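One file, work.tsv, is given below (TSV, C-alpha atoms).
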chain	number	residue	atom	x	y	z
A	1	MET	CA	-37.12	-50.29	-16.05
A	2	PRO	CA	-37.83	-46.67	-16.98
A	3	ALA	CA	-38.38	-44.12	-14.25
A	4	GLU	CA	-42.05	-43.80	-13.46
A	5	ASP	CA	-43.11	-40.46	-14.99
A	6	HIS	CA	-39.39	-39.58	-14.86
A	7	ALA	CA	-40.08	-38.30	-11.33
A	8	GLU	CA	-37.21	-37.55	-8.99
A	9	THR	CA	-37.09	-39.81	-5.95
A	10	ARG	CA	-36.78	-37.81	-2.74
A	11	THR	CA	-37.59	-38.11	0.93
A	12	ALA	CA	-40.52	-35.90	1.90
A	13	PRO	CA	-40.61	-34.20	5.31
A	14	ILE	CA	-42.91	-35.68	7.94
A	15	GLU	CA	-45.30	-32.75	8.01
A	16	PRO	CA	-48.38	-31.54	6.10
A	17	PRO	CA	-46.43	-30.29	3.03
A	18	GLY	CA	-45.05	-33.83	2.64
A	19	ILE	CA	-48.54	-35.31	2.92
A	20	ASP	CA	-49.91	-32.78	0.44
A	21	ALA	CA	-47.25	-33.72	-2.13
A	22	ALA	CA	-47.92	-37.44	-1.58
A	23	VAL	CA	-51.67	-36.95	-2.07
A	24	GLU	CA	-51.05	-35.05	-5.31
A	25	HIS	CA	-48.82	-37.85	-6.63
A	26	LEU	CA	-51.33	-40.56	-5.70
A	27	LYS	CA	-54.28	-38.73	-7.26
A	28	ASN	CA	-52.27	-38.35	-10.47
A	29	GLY	CA	-51.56	-42.08	-10.73
A	30	ARG	CA	-48.01	-42.02	-9.39
A	31	LEU	CA	-46.48	-44.25	-6.70
A	32	VAL	CA	-45.65	-43.12	-3.16
A	33	ALA	CA	-43.74	-45.15	-0.57
A	34	PHE	CA	-44.87	-44.64	3.02
A	35	PRO	CA	-44.22	-46.21	6.42
A	36	THR	CA	-46.52	-48.52	8.31
A	37	GLU	CA	-45.82	-50.14	11.66
A	38	THR	CA	-44.86	-53.35	9.82
A	39	VAL	CA	-42.75	-52.39	6.74
A	40	TYR	CA	-42.73	-49.57	4.18
A	41	GLY	CA	-45.45	-49.88	1.55
A	42	LEU	CA	-45.41	-48.95	-2.14
A	43	GLY	CA	-48.69	-47.09	-2.47
A	44	GLY	CA	-50.87	-46.44	-5.49
A	45	ASP	CA	-54.52	-45.53	-6.06
A	46	ALA	CA	-56.30	-48.88	-5.70
A	47	THR	CA	-59.24	-47.70	-7.83
A	48	SER	CA	-56.96	-47.02	-10.83
A	49	ASP	CA	-55.96	-49.86	-13.16
A	50	LEU	CA	-53.01	-47.74	-14.30
A	51	SER	CA	-51.72	-47.15	-10.76
A	52	VAL	CA	-52.07	-50.83	-9.85
A	53	THR	CA	-50.27	-51.83	-13.05
A	54	ARG	CA	-47.45	-49.44	-12.12
A	55	ILE	CA	-47.10	-51.13	-8.71
A	56	PHE	CA	-46.70	-54.56	-10.33
A	57	ALA	CA	-44.22	-53.15	-12.84
A	58	ALA	CA	-42.12	-51.29	-10.24
A	59	LYS	CA	-41.88	-54.38	-8.05
A	60	GLU	CA	-41.57	-56.84	-10.97
A	61	ARG	CA	-44.30	-58.71	-9.13
A	62	PRO	CA	-46.28	-61.62	-10.63
A	63	ARG	CA	-49.86	-60.59	-11.46
A	64	PHE	CA	-51.27	-63.66	-9.68
A	65	ASN	CA	-49.99	-62.30	-6.33
A	66	PRO	CA	-52.68	-59.92	-4.99
A	67	LEU	CA	-52.07	-56.63	-3.19
A	68	ILE	CA	-53.16	-55.47	0.25
A	69	ILE	CA	-55.56	-52.52	0.24
A	70	HIS	CA	-54.91	-49.97	2.98
A	71	LEU	CA	-57.76	-47.95	4.48
A	72	PRO	CA	-58.03	-45.50	7.37
A	73	ASP	CA	-60.86	-47.14	9.35
A	74	VAL	CA	-63.52	-49.84	9.43
A	75	ALA	CA	-66.17	-47.57	7.90
A	76	ALA	CA	-63.96	-47.09	4.83
A	77	ALA	CA	-63.27	-50.85	4.62
A	78	ARG	CA	-67.01	-51.61	4.65
A	79	ASN	CA	-67.36	-49.68	1.40
A	80	HIS	CA	-65.33	-52.39	-0.35
A	81	VAL	CA	-65.70	-55.71	1.51
A	82	VAL	CA	-68.38	-57.69	3.36
A	83	PHE	CA	-67.86	-58.18	7.10
A	84	ASP	CA	-69.13	-61.26	8.94
A	85	GLU	CA	-69.18	-61.67	12.73
A	86	ARG	CA	-65.60	-63.01	12.72
A	87	ALA	CA	-64.34	-59.98	10.84
A	88	LYS	CA	-66.16	-57.62	13.20
A	89	ARG	CA	-64.61	-59.34	16.22
A	90	LEU	CA	-61.08	-59.22	14.82
A	91	ALA	CA	-61.43	-55.62	13.66
A	92	ASP	CA	-62.48	-54.61	17.18
A	93	LEU	CA	-59.48	-56.42	18.67
A	94	PHE	CA	-56.65	-55.79	16.21
A	95	TRP	CA	-57.40	-52.78	14.00
A	96	PRO	CA	-55.66	-50.53	13.45
A	97	GLY	CA	-52.72	-52.89	13.47
A	98	ALA	CA	-50.66	-55.61	11.82
A	99	LEU	CA	-53.56	-57.78	10.61
A	100	THR	CA	-54.79	-58.16	7.02
A	101	LEU	CA	-58.20	-59.77	6.47
A	102	VAL	CA	-59.22	-61.40	3.19
A	103	LEU	CA	-62.95	-60.79	2.80
A	104	PRO	CA	-65.55	-61.02	0.01
A	105	ARG	CA	-65.65	-58.01	-2.32
A	106	ARG	CA	-68.84	-55.99	-2.33
A	107	PRO	CA	-70.63	-55.95	-5.70
A	108	ASP	CA	-70.06	-52.17	-5.85
A	109	CYS	CA	-66.39	-52.34	-4.77
A	110	ARG	CA	-64.38	-49.71	-6.69
A	111	VAL	CA	-60.97	-51.38	-6.18
A	112	SER	CA	-59.33	-52.52	-9.42
A	113	LEU	CA	-59.72	-56.24	-10.06
A	114	LEU	CA	-56.02	-56.28	-10.95
A	115	ALA	CA	-55.26	-55.62	-7.27
A	116	SER	CA	-56.94	-58.86	-6.22
A	117	ALA	CA	-55.66	-61.00	-9.13
A	118	GLY	CA	-59.23	-61.14	-10.50
A	119	LEU	CA	-60.56	-62.93	-7.41
A	120	ASP	CA	-63.90	-62.11	-5.78
A	121	SER	CA	-62.12	-61.40	-2.49
A	122	LEU	CA	-59.99	-58.52	-1.28
A	123	ALA	CA	-57.15	-58.28	1.26
A	124	VAL	CA	-57.68	-55.20	3.47
A	125	ARG	CA	-55.80	-53.64	6.37
A	126	ILE	CA	-55.99	-50.58	8.60
A	127	PRO	CA	-52.42	-49.59	9.52
A	128	ALA	CA	-51.63	-48.07	12.91
A	129	HIS	CA	-48.69	-45.87	11.89
A	130	PRO	CA	-49.72	-42.21	12.38
A	131	LEU	CA	-48.14	-41.08	9.10
A	132	ALA	CA	-49.93	-43.83	7.17
A	133	GLN	CA	-53.19	-42.83	8.85
A	134	GLN	CA	-52.61	-39.17	7.98
A	135	LEU	CA	-51.94	-40.05	4.34
A	136	LEU	CA	-54.94	-42.37	3.98
A	137	ARG	CA	-57.35	-39.85	5.47
A	138	ALA	CA	-55.95	-37.05	3.31
A	139	VAL	CA	-56.11	-38.96	0.02
A	140	GLY	CA	-59.68	-40.17	0.60
A	141	ARG	CA	-59.45	-43.35	-1.47
A	142	PRO	CA	-58.20	-46.93	-0.94
A	143	ILE	CA	-54.46	-47.35	-1.43
A	144	ALA	CA	-52.92	-50.59	-2.69
A	145	ALA	CA	-49.57	-50.97	-0.95
A	146	PRO	CA	-47.39	-54.09	-1.03
A	147	SER	CA	-43.93	-53.85	0.53
A	148	ALA	CA	-41.79	-51.21	-1.20
A	149	ASN	CA	-39.14	-53.53	-2.64
A	150	ARG	CA	-38.58	-55.62	-5.74
A	151	SER	CA	-40.54	-58.87	-5.68
A	152	GLY	CA	-38.88	-61.66	-3.73
A	153	ARG	CA	-36.34	-59.37	-2.09
A	154	VAL	CA	-35.92	-58.33	1.54
A	155	SER	CA	-38.70	-56.02	2.71
A	156	PRO	CA	-37.81	-52.40	3.61
A	157	THR	CA	-38.05	-51.10	7.17
A	158	THR	CA	-36.52	-47.64	6.57
A	159	ALA	CA	-36.90	-44.97	3.88
A	160	ALA	CA	-33.27	-45.57	2.86
A	161	HIS	CA	-34.09	-49.23	2.13
A	162	VAL	CA	-36.86	-48.08	-0.23
A	163	ARG	CA	-34.55	-45.68	-2.02
A	164	ASP	CA	-31.89	-48.40	-2.42
A	165	GLU	CA	-34.45	-50.92	-3.72
A	166	LEU	CA	-36.63	-48.86	-6.03
A	167	GLY	CA	-34.73	-45.70	-6.96
A	168	ASP	CA	-36.73	-43.72	-9.52
A	169	ARG	CA	-39.44	-46.39	-9.77
A	170	VAL	CA	-41.25	-44.46	-7.01
A	171	SER	CA	-42.20	-40.78	-7.21
A	172	LEU	CA	-42.00	-39.90	-3.53
A	173	ILE	CA	-40.85	-41.50	-0.28
A	174	LEU	CA	-42.39	-40.39	3.01
A	175	ASP	CA	-39.81	-40.94	5.76
A	176	GLY	CA	-41.42	-42.03	9.01
A	177	GLY	CA	-38.32	-43.56	10.59
A	178	PRO	CA	-37.70	-47.28	11.24
A	179	CYS	CA	-40.77	-49.53	11.34
A	180	ARG	CA	-41.79	-50.58	14.85
A	181	VAL	CA	-42.83	-54.20	14.11
A	182	GLY	CA	-40.42	-54.95	11.27
A	183	LEU	CA	-42.37	-57.90	9.80
A	184	GLU	CA	-45.32	-57.78	7.42
A	185	SER	CA	-48.88	-58.12	8.66
A	186	THR	CA	-50.53	-61.43	9.42
A	187	VAL	CA	-52.87	-62.39	6.56
A	188	LEU	CA	-56.04	-64.28	7.52
A	189	ASP	CA	-58.56	-65.57	4.97
A	190	LEU	CA	-62.14	-65.20	6.22
A	191	THR	CA	-63.79	-66.28	2.96
A	192	VAL	CA	-63.59	-69.86	4.28
A	193	GLU	CA	-64.67	-71.69	7.43
A	194	PRO	CA	-62.65	-72.26	9.53
A	195	ALA	CA	-60.45	-69.21	8.94
A	196	ARG	CA	-57.21	-69.93	7.09
A	197	LEU	CA	-53.83	-68.40	7.94
A	198	LEU	CA	-52.19	-67.38	4.66
A	199	ARG	CA	-49.15	-65.64	6.15
A	200	PRO	CA	-47.93	-65.39	9.77
A	201	GLY	CA	-46.92	-61.90	10.76
A	202	GLY	CA	-47.17	-59.15	13.34
A	203	ILE	CA	-50.23	-60.68	15.08
A	204	ALA	CA	-49.51	-64.14	16.49
A	205	GLN	CA	-51.73	-67.08	15.49
A	206	ALA	CA	-52.43	-67.81	19.16
A	207	ALA	CA	-53.97	-64.35	19.60
A	208	LEU	CA	-56.24	-64.91	16.60
A	209	GLU	CA	-57.28	-68.37	17.81
A	210	ALA	CA	-58.12	-66.93	21.22
A	211	ALA	CA	-60.71	-64.81	19.41
A	212	LEU	CA	-61.92	-67.26	16.74
A	213	GLY	CA	-61.03	-70.80	17.75
A	214	PRO	CA	-58.87	-73.13	15.62
A	215	ILE	CA	-57.36	-71.69	12.42
A	216	GLU	CA	-56.09	-73.74	9.48
A	217	ARG	CA	-52.75	-73.14	7.76
A	218	ALA	CA	-52.84	-72.58	4.02
A	219	ALA	CA	-51.53	-75.37	1.80
A	220	PRO	CA	-48.80	-74.62	-0.77
A	221	ILE	CA	-50.01	-73.18	-4.10
A	222	ALA	CA	-48.37	-73.80	-7.46
A	223	ASP	CA	-46.65	-70.89	-9.18
A	224	GLY	CA	-48.89	-69.06	-11.64
A	225	VAL	CA	-52.08	-69.77	-9.68
A	226	ALA	CA	-53.88	-66.78	-8.15
A	227	ARG	CA	-53.51	-66.56	-4.37
A	228	ALA	CA	-56.11	-65.23	-1.94
A	229	GLY	CA	-53.46	-63.07	-0.28
A	230	PRO	CA	-49.84	-61.97	-0.51
A	231	GLY	CA	-46.75	-63.51	1.08
A	232	MET	CA	-47.37	-67.07	-0.14
A	233	MET	CA	-44.50	-67.43	-2.62
A	234	SER	CA	-42.16	-70.31	-1.73
A	235	SER	CA	-39.08	-68.10	-2.30
A	236	HIS	CA	-39.45	-64.61	-0.87
A	237	TYR	CA	-37.80	-62.02	1.40
A	238	ALA	CA	-34.42	-63.15	0.04
A	239	PRO	CA	-31.07	-61.35	0.13
A	240	GLY	CA	-28.63	-61.89	-2.72
A	241	LEU	CA	-26.54	-64.35	-0.67
A	242	PRO	CA	-27.77	-67.86	0.19
A	243	VAL	CA	-29.24	-68.25	3.67
A	244	ARG	CA	-28.46	-71.21	6.00
A	245	LEU	CA	-30.84	-71.75	8.92
A	246	ASP	CA	-30.42	-73.25	12.41
A	247	ALA	CA	-26.67	-72.66	12.18
A	248	LEU	CA	-24.57	-73.21	15.30
A	249	ASP	CA	-21.29	-73.57	13.40
A	250	PRO	CA	-20.80	-70.63	11.02
A	251	ARG	CA	-18.31	-71.29	8.26
A	252	PRO	CA	-15.33	-68.93	7.98
A	253	SER	CA	-16.70	-67.37	4.81
A	254	GLU	CA	-20.27	-66.92	6.08
A	255	ALA	CA	-21.79	-63.93	7.83
A	256	PHE	CA	-23.06	-65.02	11.25
A	257	LEU	CA	-26.42	-63.66	12.46
A	258	ALA	CA	-27.12	-64.51	16.10
A	259	PHE	CA	-30.24	-64.76	18.21
A	260	GLY	CA	-29.43	-64.78	21.92
A	261	PRO	CA	-26.04	-65.92	23.24
A	262	PRO	CA	-23.94	-67.65	20.54
A	263	PRO	CA	-22.83	-71.26	21.16
A	264	ALA	CA	-19.78	-71.79	23.37
A	265	GLY	CA	-16.64	-71.76	21.28
A	266	SER	CA	-18.33	-70.08	18.34
A	267	ARG	CA	-16.90	-66.93	16.82
A	268	VAL	CA	-18.31	-63.50	17.59
A	269	PRO	CA	-21.48	-62.87	15.53
A	270	ASP	CA	-21.36	-60.30	12.75
A	271	LEU	CA	-24.78	-59.03	13.86
A	272	GLN	CA	-27.19	-59.85	16.67
A	273	LEU	CA	-30.98	-59.94	16.23
A	274	SER	CA	-31.56	-59.85	19.98
A	275	ALA	CA	-28.92	-60.48	22.62
A	276	ASP	CA	-31.70	-61.29	25.10
A	277	GLY	CA	-33.48	-63.70	22.74
A	278	ASP	CA	-36.53	-61.41	22.44
A	279	PRO	CA	-38.61	-62.31	19.34
A	280	SER	CA	-40.16	-58.83	19.15
A	281	GLU	CA	-36.74	-57.21	19.04
A	282	ALA	CA	-35.55	-59.81	16.53
A	283	ALA	CA	-38.53	-59.16	14.25
A	284	GLN	CA	-37.82	-55.44	14.28
A	285	HIS	CA	-34.19	-56.01	13.26
A	286	LEU	CA	-34.56	-58.98	10.89
A	287	PHE	CA	-34.86	-57.36	7.46
A	288	ALA	CA	-32.31	-54.63	8.22
A	289	ALA	CA	-29.84	-57.29	9.39
A	290	LEU	CA	-30.29	-59.39	6.24
A	291	ARG	CA	-29.64	-56.30	4.13
A	292	ALA	CA	-26.58	-55.31	6.17
A	293	LEU	CA	-24.98	-58.78	5.83
A	294	ASP	CA	-25.71	-59.14	2.11
A	295	ARG	CA	-22.13	-58.16	1.19
A	296	PRO	CA	-19.60	-59.48	-1.34
A	297	GLU	CA	-17.00	-60.45	1.28
A	298	PHE	CA	-19.35	-63.22	2.48
A	299	THR	CA	-20.46	-66.37	0.64
A	300	GLY	CA	-23.68	-66.79	2.62
A	301	ILE	CA	-25.56	-65.85	5.80
A	302	ALA	CA	-25.70	-68.38	8.67
A	303	ILE	CA	-28.53	-67.74	11.14
A	304	MET	CA	-28.90	-69.23	14.61
A	305	PRO	CA	-32.10	-71.13	15.53
A	306	ILE	CA	-35.11	-69.05	16.61
A	307	PRO	CA	-37.94	-70.65	18.64
A	308	GLU	CA	-41.37	-70.81	16.99
A	309	ASP	CA	-43.14	-69.17	19.93
A	310	GLY	CA	-45.17	-66.01	19.26
A	311	LEU	CA	-43.51	-63.78	16.66
A	312	GLY	CA	-40.87	-66.49	16.21
A	313	ALA	CA	-43.29	-68.31	13.90
A	314	ALA	CA	-43.47	-65.29	11.59
A	315	ILE	CA	-39.69	-64.78	11.74
A	316	ASN	CA	-39.06	-68.41	10.81
A	317	ASP	CA	-41.62	-68.22	8.00
A	318	ARG	CA	-39.66	-65.33	6.46
A	319	LEU	CA	-36.33	-67.11	6.98
A	320	ARG	CA	-37.53	-70.37	5.41
A	321	ARG	CA	-38.68	-68.45	2.34
A	322	ALA	CA	-35.41	-66.51	2.24
A	323	ALA	CA	-33.51	-69.83	2.33
A	324	ALA	CA	-35.71	-71.57	-0.27
A	325	PRO	CA	-34.38	-72.49	-3.73
A	326	ARG	CA	-34.65	-69.53	-6.11

What is this file in structure tokens?
Amino acid sequence: MPAEDHAETRTAPIEPPGIDAAVEHLKNGRLVAFPTETVYGLGGDATSDLSVTRIFAAKERPRFNPLIIHLPDVAAARNHVVFDERAKRLADLFWPGALTLVLPRRPDCRVSLLASAGLDSLAVRIPAHPLAQQLLRAVGRPIAAPSANRSGRVSPTTAAHVRDELGDRVSLILDGGPCRVGLESTVLDLTVEPARLLRPGGIAQAALEAALGPIERAAPIADGVARAGPGMMSSHYAPGLPVRLDALDPRPSEAFLAFGPPPAGSRVPDLQLSADGDPSEAAQHLFAALRALDRPEFTGIAIMPIPEDGLGAAINDRLRRAAAPR
């Protein structure tokens, strides 16, 4: 993969000069990685077919897998998608934040059709991270921003992860420190009734159902078929090593990733997601831990069981995809 515009990858300072440089890159069709509260995003001008094509190329991402469009506020989102009463309610409750809504495109929507895999819907989000907000307000246009990693790989939660994953495929990396949530946003499809959960994430399903009532779970989709939202690939978020779930008996050659106290008689874990069994802490550490244990001295990564409660559902969704056949 050639370097995009042969630009040097560097970490920009977290101050206005860094934002100014990022805006210049984005307006000239280049790619900029930036932090959100969930994971780092690989941003490009969503109104430019060229920029969107560069995102797919840098990630080696299938074109049938749509991108999330990031916007600074609800007023900006309304320029591109149609809100119903459900969307208004959820926006009031959860935006800015870790929730992506799939909504009908407006007839005058300027976002490239490539970003939504040619569908008449669009996945939109308003991130809460202050640096993301500063960038989106400064650039003044919608930014398509999937996770800043190669397709199918572990998502990045630090600027160093982005640099390791993408190298000179990205023109600029804004370093906003480690991501607070550590898992991608929840993706909810509101083009159907009842609403359909496409991807569990930083907002728990129970919180959404408290606002909307019952929500359906999306059925599996065959490869090559356009999806309404991202994060629906059967194999995704995967390290190089095979992943074994619900492991209480790590093999001598496996890395052992714990959640809460390890079983009596088990060996000391190589890493701990949360010694107290806190799903929020585990979510924040998950992707960094998978990266840290993806080392040649191990033959695989054994991971202790994690309850499905709250954020545990999103954690287990990522782990099942990481463990899926590739």

Next item on the list: Fewer than 4 positions away in the same chain doesn't count, so skip those; otherwise give me all residues within 12 Å of region 84-95 of chain A, counting only C-alpha atoms, as a PyMOL selection string.
Entry: chain A and resi 70-75+77-78+99-104+124-129+133+185-186+188-195+202-204+207-213+215

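Between CA of Gly97 (chain A) and CA of Val81 (chain A) there is a distance of 17.9 Å.
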
Note to self: Report as a ChimeraX atom specification all protein, DNA and RNA residues lying within 7 Å of region 304-316 of chain A, evaluated on all atoms listed in the file, omitting residues in the same chain fewer than 2 positions from it.
What the structure shows: /A:200-202,204,245-248,257-259,279-280,283,302,318-320

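Reported to one decimal place, the separation of CA of Gly240 (chain A) from CA of Val32 (chain A) is 25.3 Å.
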
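Pairwise distance (CA of Leu197 (chain A), CA of Thr158 (chain A)) equals 27.1 Å.
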
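Checking A:His80, A:Arg199, A:Arg251, A:Arg163 one by one against Tyr40 (chain A), counting only C-alpha atoms, you find the shortest gap at A:Arg163.
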
Next item on the list: Excluding His285 (chain A) and residues on its chain fewer than 3 positions from it, collect all residues at most 7 Å away from it, counting all atoms listed in the file, and give them as a list in words.
Entry: Gly182, Leu273, Glu281, Ala282, Ala288 and Ala289 of chain A

Margin query: Using only C-alpha atoms, can you tell me which of A:Asp49, A:Pro66, A:Ala206, A:Ala145 comes closest to Ser121 (chain A)?
Written below: A:Pro66

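In terms of minimum interatomic distance to Thr36 (chain A), A:Glu184 ranks closest within A:Glu184, A:Asp278, A:Asp20, A:Glu254, counting all atoms listed in the file.
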
Next item on the list: Pick out the residues sitting within 6 Å of region 148-154 of chain A, and hand them over as a PyMOL selection string; count only C-alpha atoms, and ignore anything fewer than 4 positions along from it in its own chain.
Entry: chain A and resi 40-42+59-61+162+165+236-239

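Considering only C-alpha atoms, the residue among A:Ser274, A:Thr299, A:Asn65, A:Thr38 positioned nearest to Pro178 (chain A) is A:Thr38.
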